[in-house]
Amino acid sequence: MMNIEDTLAKRGYLNKEIPEGLDLKKEINRLKEEKNAVILAHYYQTAEIQELSDFLGDSLQLARAAQETDAEIIVFCGVHFMAEAAKIINPTKKVLLPDLLAGCSLADACSGEALMEFKNQHPGAVVVTYINCDAETKAVSDYIVTSSNAEHIIAQIPKEQKIIFAPDKNLGAYLSKKTGRDMILWDGSCIVHEAFSLERIAQQLAENPGAKLIAHPESEPPVLEAASFIGSTSALLDFVEKDAAETFVVATEEGILHEMKKRAPEKKLIPAFPEDYSCQCSECMYMKRNTIEKLYLCLNYEKPEIIMEEELRVQALEPIERMLKMSEKIK
Ligand code: 13P
Ligand code: SF4
């Protein structure tokens with residue numbers, strides 16, 4: 001019989017004792033210095049992890065930060081595909097993820113093998129894939145995009161070129177409408193963004209006269225149609241900071257509200273409600289697998305680590321490098 005520690009390690013994270021009374025924040029900062037490590041965090045992480053990070057950003061900004069860092073260790077506080085992308089881009093660094101099971105429903109919706117088969121069914125089409133996918137899927141893609149640069153990259157693909165977009169059907173439909181391009185869409189979605197309820201959002205807007213709905217493009221078409229602004233996490237943050245409205249209903253993962261409140265302390269920010277009436281939250285259960293305790297353990301023991309086969313890494317790097325090159329002008 002396996003002991004609980006081995007079982008948990010197999011399930012994605014270390015189950016080591018943390019000494020009682022240890023000041024975790026202080027220890028994490030000390031270990032970071034001692035080991036020349038950098039903490040990169042996504043806006044959907046918990047507030048305390050965001051506060052401990054050296055760099056906080058959206059998927060594109062984090063990929064760039066992983067490419068540029070001089071640190072020897074990258075502790076990636078985000079989900080698996082993000083940490084994996086950091087390893088693909090910067091293979092000489094040790095890349096750690098506090099919980100290896102921090103996955104993503106979009107990444108789970110598509111495999112490299114299935115996408116290859118789909119590609120074969122649509123001869124002549126190029127594959128544009130959202131960065132929310134695993135390395136095998138990236139390896140069979142022609143272009144990788146994030147929600148910040150997708151429109152910009154698609155605009156650079158010749159007009160007559162047929163496009164397959166995977167794995168997010170909502171982002172794909174939004175991009176197809178925005179760019180006026182016909183796209184063959186993969187049937188994947190984000191469990192957080194597909195759960196928003198237009199009915200409840202309408203109620204939230206009615207209760208807050210003058211409020212604006214802002215949404216991430218992973219949300220479903222009816223929510224996007226009702227939104228005053230649609231954008232990536234970093235674009236949503238910029239919008240709230242600069243727009244004249246005083247109240248916003250925010251249709252994306254609620255971790256972003258921490259940074260939003262810091263950037264626009266005088267504004268009222270309301271997380272959009274999901275369909276499920278028993279819950280008012282819109283948290284990504286994958287993003288929230290990372291905790292400050294797991295961050296400390298991972299930095300201390302330098303585990304769990306992202307390990308990849310070199311052949312796969314090189315294949316997945318090609319479309320990521322194309323993305324970084326094609327979107328140099330995007331902030
Ligand atoms: P951004 O690239 O906008 O940060 O989005 C990442 C993500 O996972 C959204 O659910
Ligand atoms: Fe994936 Fe959705 Fe979580 Fe983003 S919010 S990591 S798309 S499951």
# chains A, B, ... in the order shown; residues from 1 in each chain; ligands from 1

call {"tool": "select_by_dssp", "arguments": {"residues": "stretch 42-280 of chain A", "states": "strand (DSSP E or B)", "output": "PyMOL selection string"}}
result
chain A and resi 42+55-57+73-77+94-96+126-130+143-145+163-166+168+183-185+188+196+212-215+229-230+247-251+268-271+274

call {"tool": "residues_near_ligand", "arguments": {"ligand": "ligand 2", "cutoff": "9 Å", "atoms": "only C-alpha atoms and all ligand atoms", "output": "number ranges by chain"}}
result
A: 44, 78-82, 102-108, 132, 168, 189-194, 218, 252-253, 282-288

call {"tool": "residues_around", "arguments": {"residues": "A:Leu299", "least_positions_apart": "6", "cutoff": "9 Å", "atoms": "only C-alpha atoms", "output": "short mmCIF file (atom, residue, chain, number, x, y, z; two decimals) with N, CA and C atoms, in the first residue's frame"}}
result
data_model
loop_
_atom_site.label_atom_id
_atom_site.label_comp_id
_atom_site.auth_asym_id
_atom_site.auth_seq_id
_atom_site.Cartn_x
_atom_site.Cartn_y
_atom_site.Cartn_z
N ILE A 28 9.66 32.46 2.10
CA ILE A 28 9.61 32.42 0.62
C ILE A 28 10.55 33.48 0.06
N LEU A 31 14.20 32.26 0.60
CA LEU A 31 14.56 31.17 -0.32
C LEU A 31 14.75 31.68 -1.75
N LYS A 32 13.93 32.63 -2.10
CA LYS A 32 14.00 33.23 -3.44
C LYS A 32 15.38 33.86 -3.68
N LYS A 35 18.26 31.09 -3.59
CA LYS A 35 18.31 30.18 -4.74
C LYS A 35 18.30 30.90 -6.08
N ALA A 37 15.82 32.59 -7.44
CA ALA A 37 14.56 32.17 -8.06
C ALA A 37 13.68 33.39 -8.31
N ILE A 73 15.92 29.70 -11.24
CA ILE A 73 14.69 28.92 -11.02
C ILE A 73 13.48 29.82 -11.30
N VAL A 75 9.59 29.90 -10.50
CA VAL A 75 8.45 29.28 -9.82
C VAL A 75 7.21 29.87 -10.48
N LEU A 96 9.36 25.33 -11.80
CA LEU A 96 8.58 24.65 -10.76
C LEU A 96 7.13 25.15 -10.79
N PRO A 98 3.82 24.92 -8.11
CA PRO A 98 3.48 24.46 -6.76
C PRO A 98 2.58 23.23 -6.74
#

call {"tool": "residues_around", "arguments": {"residues": "A:Glu309", "least_positions_apart": "2", "cutoff": "12 Å", "atoms": "only C-alpha atoms", "output": "PyMOL selection string"}}
result
chain A and resi 84+87-88+91+135-136+306-307+311-316

call {"tool": "write_last_selection", "arguments": {"atoms": "N, CA, C and O atoms", "output": "compact mmCIF listing (two decimals), in the first residue's frame"}}
result
# COMPACT_ATOMS: atom_id res chain seq x y z
N GLU A 84 4.53 25.02 -18.39
CA GLU A 84 5.11 24.22 -19.48
C GLU A 84 5.62 25.14 -20.59
O GLU A 84 6.71 24.93 -21.14
N LYS A 87 8.93 26.53 -19.65
CA LYS A 87 10.00 25.53 -19.84
C LYS A 87 10.36 25.42 -21.33
O LYS A 87 11.53 25.30 -21.69
N ILE A 88 9.34 25.45 -22.18
CA ILE A 88 9.58 25.34 -23.63
C ILE A 88 10.44 26.52 -24.09
O ILE A 88 11.39 26.37 -24.85
N PRO A 91 14.55 26.49 -21.61
CA PRO A 91 14.81 25.13 -21.14
C PRO A 91 15.97 24.98 -20.16
O PRO A 91 16.05 23.97 -19.45
N ALA A 135 1.72 20.79 -24.49
CA ALA A 135 2.85 20.87 -25.44
C ALA A 135 2.59 20.06 -26.71
O ALA A 135 2.95 20.49 -27.81
N GLU A 136 1.95 18.89 -26.58
CA GLU A 136 1.67 18.05 -27.76
C GLU A 136 0.76 18.79 -28.73
O GLU A 136 0.92 18.72 -29.94
N ILE A 306 8.74 20.90 -13.85
CA ILE A 306 8.25 20.60 -15.21
C ILE A 306 9.39 19.93 -15.98
O ILE A 306 10.47 20.52 -16.14
N ILE A 307 9.17 18.71 -16.38
CA ILE A 307 10.17 17.96 -17.15
C ILE A 307 9.57 17.64 -18.52
O ILE A 307 8.42 17.22 -18.60
N GLU A 311 12.64 16.58 -27.76
CA GLU A 311 12.07 16.57 -29.12
C GLU A 311 10.71 17.30 -29.15
O GLU A 311 10.44 18.12 -30.01
N LEU A 312 9.91 17.00 -28.13
CA LEU A 312 8.60 17.63 -28.04
C LEU A 312 8.76 19.14 -27.77
O LEU A 312 8.07 19.97 -28.36
N ARG A 313 9.68 19.47 -26.90
CA ARG A 313 9.92 20.88 -26.55
C ARG A 313 10.26 21.70 -27.81
O ARG A 313 9.69 22.76 -28.05
N VAL A 314 11.15 21.15 -28.62
CA VAL A 314 11.58 21.87 -29.83
C VAL A 314 10.40 22.04 -30.80
O VAL A 314 10.22 23.10 -31.40
N GLN A 315 9.57 21.00 -30.91
CA GLN A 315 8.41 21.10 -31.82
C GLN A 315 7.41 22.14 -31.31
O GLN A 315 6.82 22.88 -32.09
N ALA A 316 7.24 22.19 -30.00
CA ALA A 316 6.25 23.13 -29.43
C ALA A 316 6.80 24.56 -29.43
O ALA A 316 6.02 25.53 -29.44

call {"tool": "residues_around", "arguments": {"residues": "A:Gly57", "least_positions_apart": "4", "cutoff": "8 Å", "atoms": "only C-alpha atoms", "output": "list in words"}}
result
Leu40, Ala41, His42, Tyr43, Gln61, Leu62 and Ser234 of chain A

call {"tool": "write_last_selection", "arguments": {"atoms": "N, CA, C and O atoms", "output": "PDB file, in the first residue's frame"}}
result
ATOM      1  N   LEU A  40       6.757  33.996 -10.899  1.00  0.00           N
ATOM      2  CA  LEU A  40       5.878  34.594 -11.906  1.00  0.00           C
ATOM      3  C   LEU A  40       4.447  34.178 -11.563  1.00  0.00           C
ATOM      4  O   LEU A  40       4.202  32.992 -11.328  1.00  0.00           O
ATOM      5  N   ALA A  41       3.540  35.134 -11.527  1.00  0.00           N
ATOM      6  CA  ALA A  41       2.157  34.780 -11.141  1.00  0.00           C
ATOM      7  C   ALA A  41       1.132  35.367 -12.100  1.00  0.00           C
ATOM      8  O   ALA A  41       1.297  36.476 -12.626  1.00  0.00           O
ATOM      9  N   HIS A  42       0.065  34.594 -12.304  1.00  0.00           N
ATOM     10  CA  HIS A  42      -1.057  35.068 -13.122  1.00  0.00           C
ATOM     11  C   HIS A  42      -2.050  35.819 -12.232  1.00  0.00           C
ATOM     12  O   HIS A  42      -2.121  35.574 -11.021  1.00  0.00           O
ATOM     13  N   TYR A  43      -2.823  36.703 -12.870  1.00  0.00           N
ATOM     14  CA  TYR A  43      -3.808  37.517 -12.129  1.00  0.00           C
ATOM     15  C   TYR A  43      -4.880  36.692 -11.427  1.00  0.00           C
ATOM     16  O   TYR A  43      -5.627  37.224 -10.609  1.00  0.00           O
ATOM     17  N   GLN A  61       2.296  38.195 -21.267  1.00  0.00           N
ATOM     18  CA  GLN A  61       3.324  38.891 -20.473  1.00  0.00           C
ATOM     19  C   GLN A  61       4.153  37.890 -19.667  1.00  0.00           C
ATOM     20  O   GLN A  61       5.364  38.043 -19.517  1.00  0.00           O
ATOM     21  N   LEU A  62       3.501  36.837 -19.169  1.00  0.00           N
ATOM     22  CA  LEU A  62       4.225  35.831 -18.381  1.00  0.00           C
ATOM     23  C   LEU A  62       5.171  35.016 -19.268  1.00  0.00           C
ATOM     24  O   LEU A  62       6.277  34.677 -18.857  1.00  0.00           O
ATOM     25  N   SER A 234      -5.151  41.509 -18.885  1.00  0.00           N
ATOM     26  CA  SER A 234      -4.430  42.794 -18.782  1.00  0.00           C
ATOM     27  C   SER A 234      -5.244  43.927 -19.425  1.00  0.00           C
ATOM     28  O   SER A 234      -5.232  45.058 -18.919  1.00  0.00           O
TER      29      SER A 234
END

call {"tool": "atom_distance", "arguments": {"atom1": "atom CA of A:Leu198", "atom2": "atom CA of A:Ala272"}}
result
9.1 Å
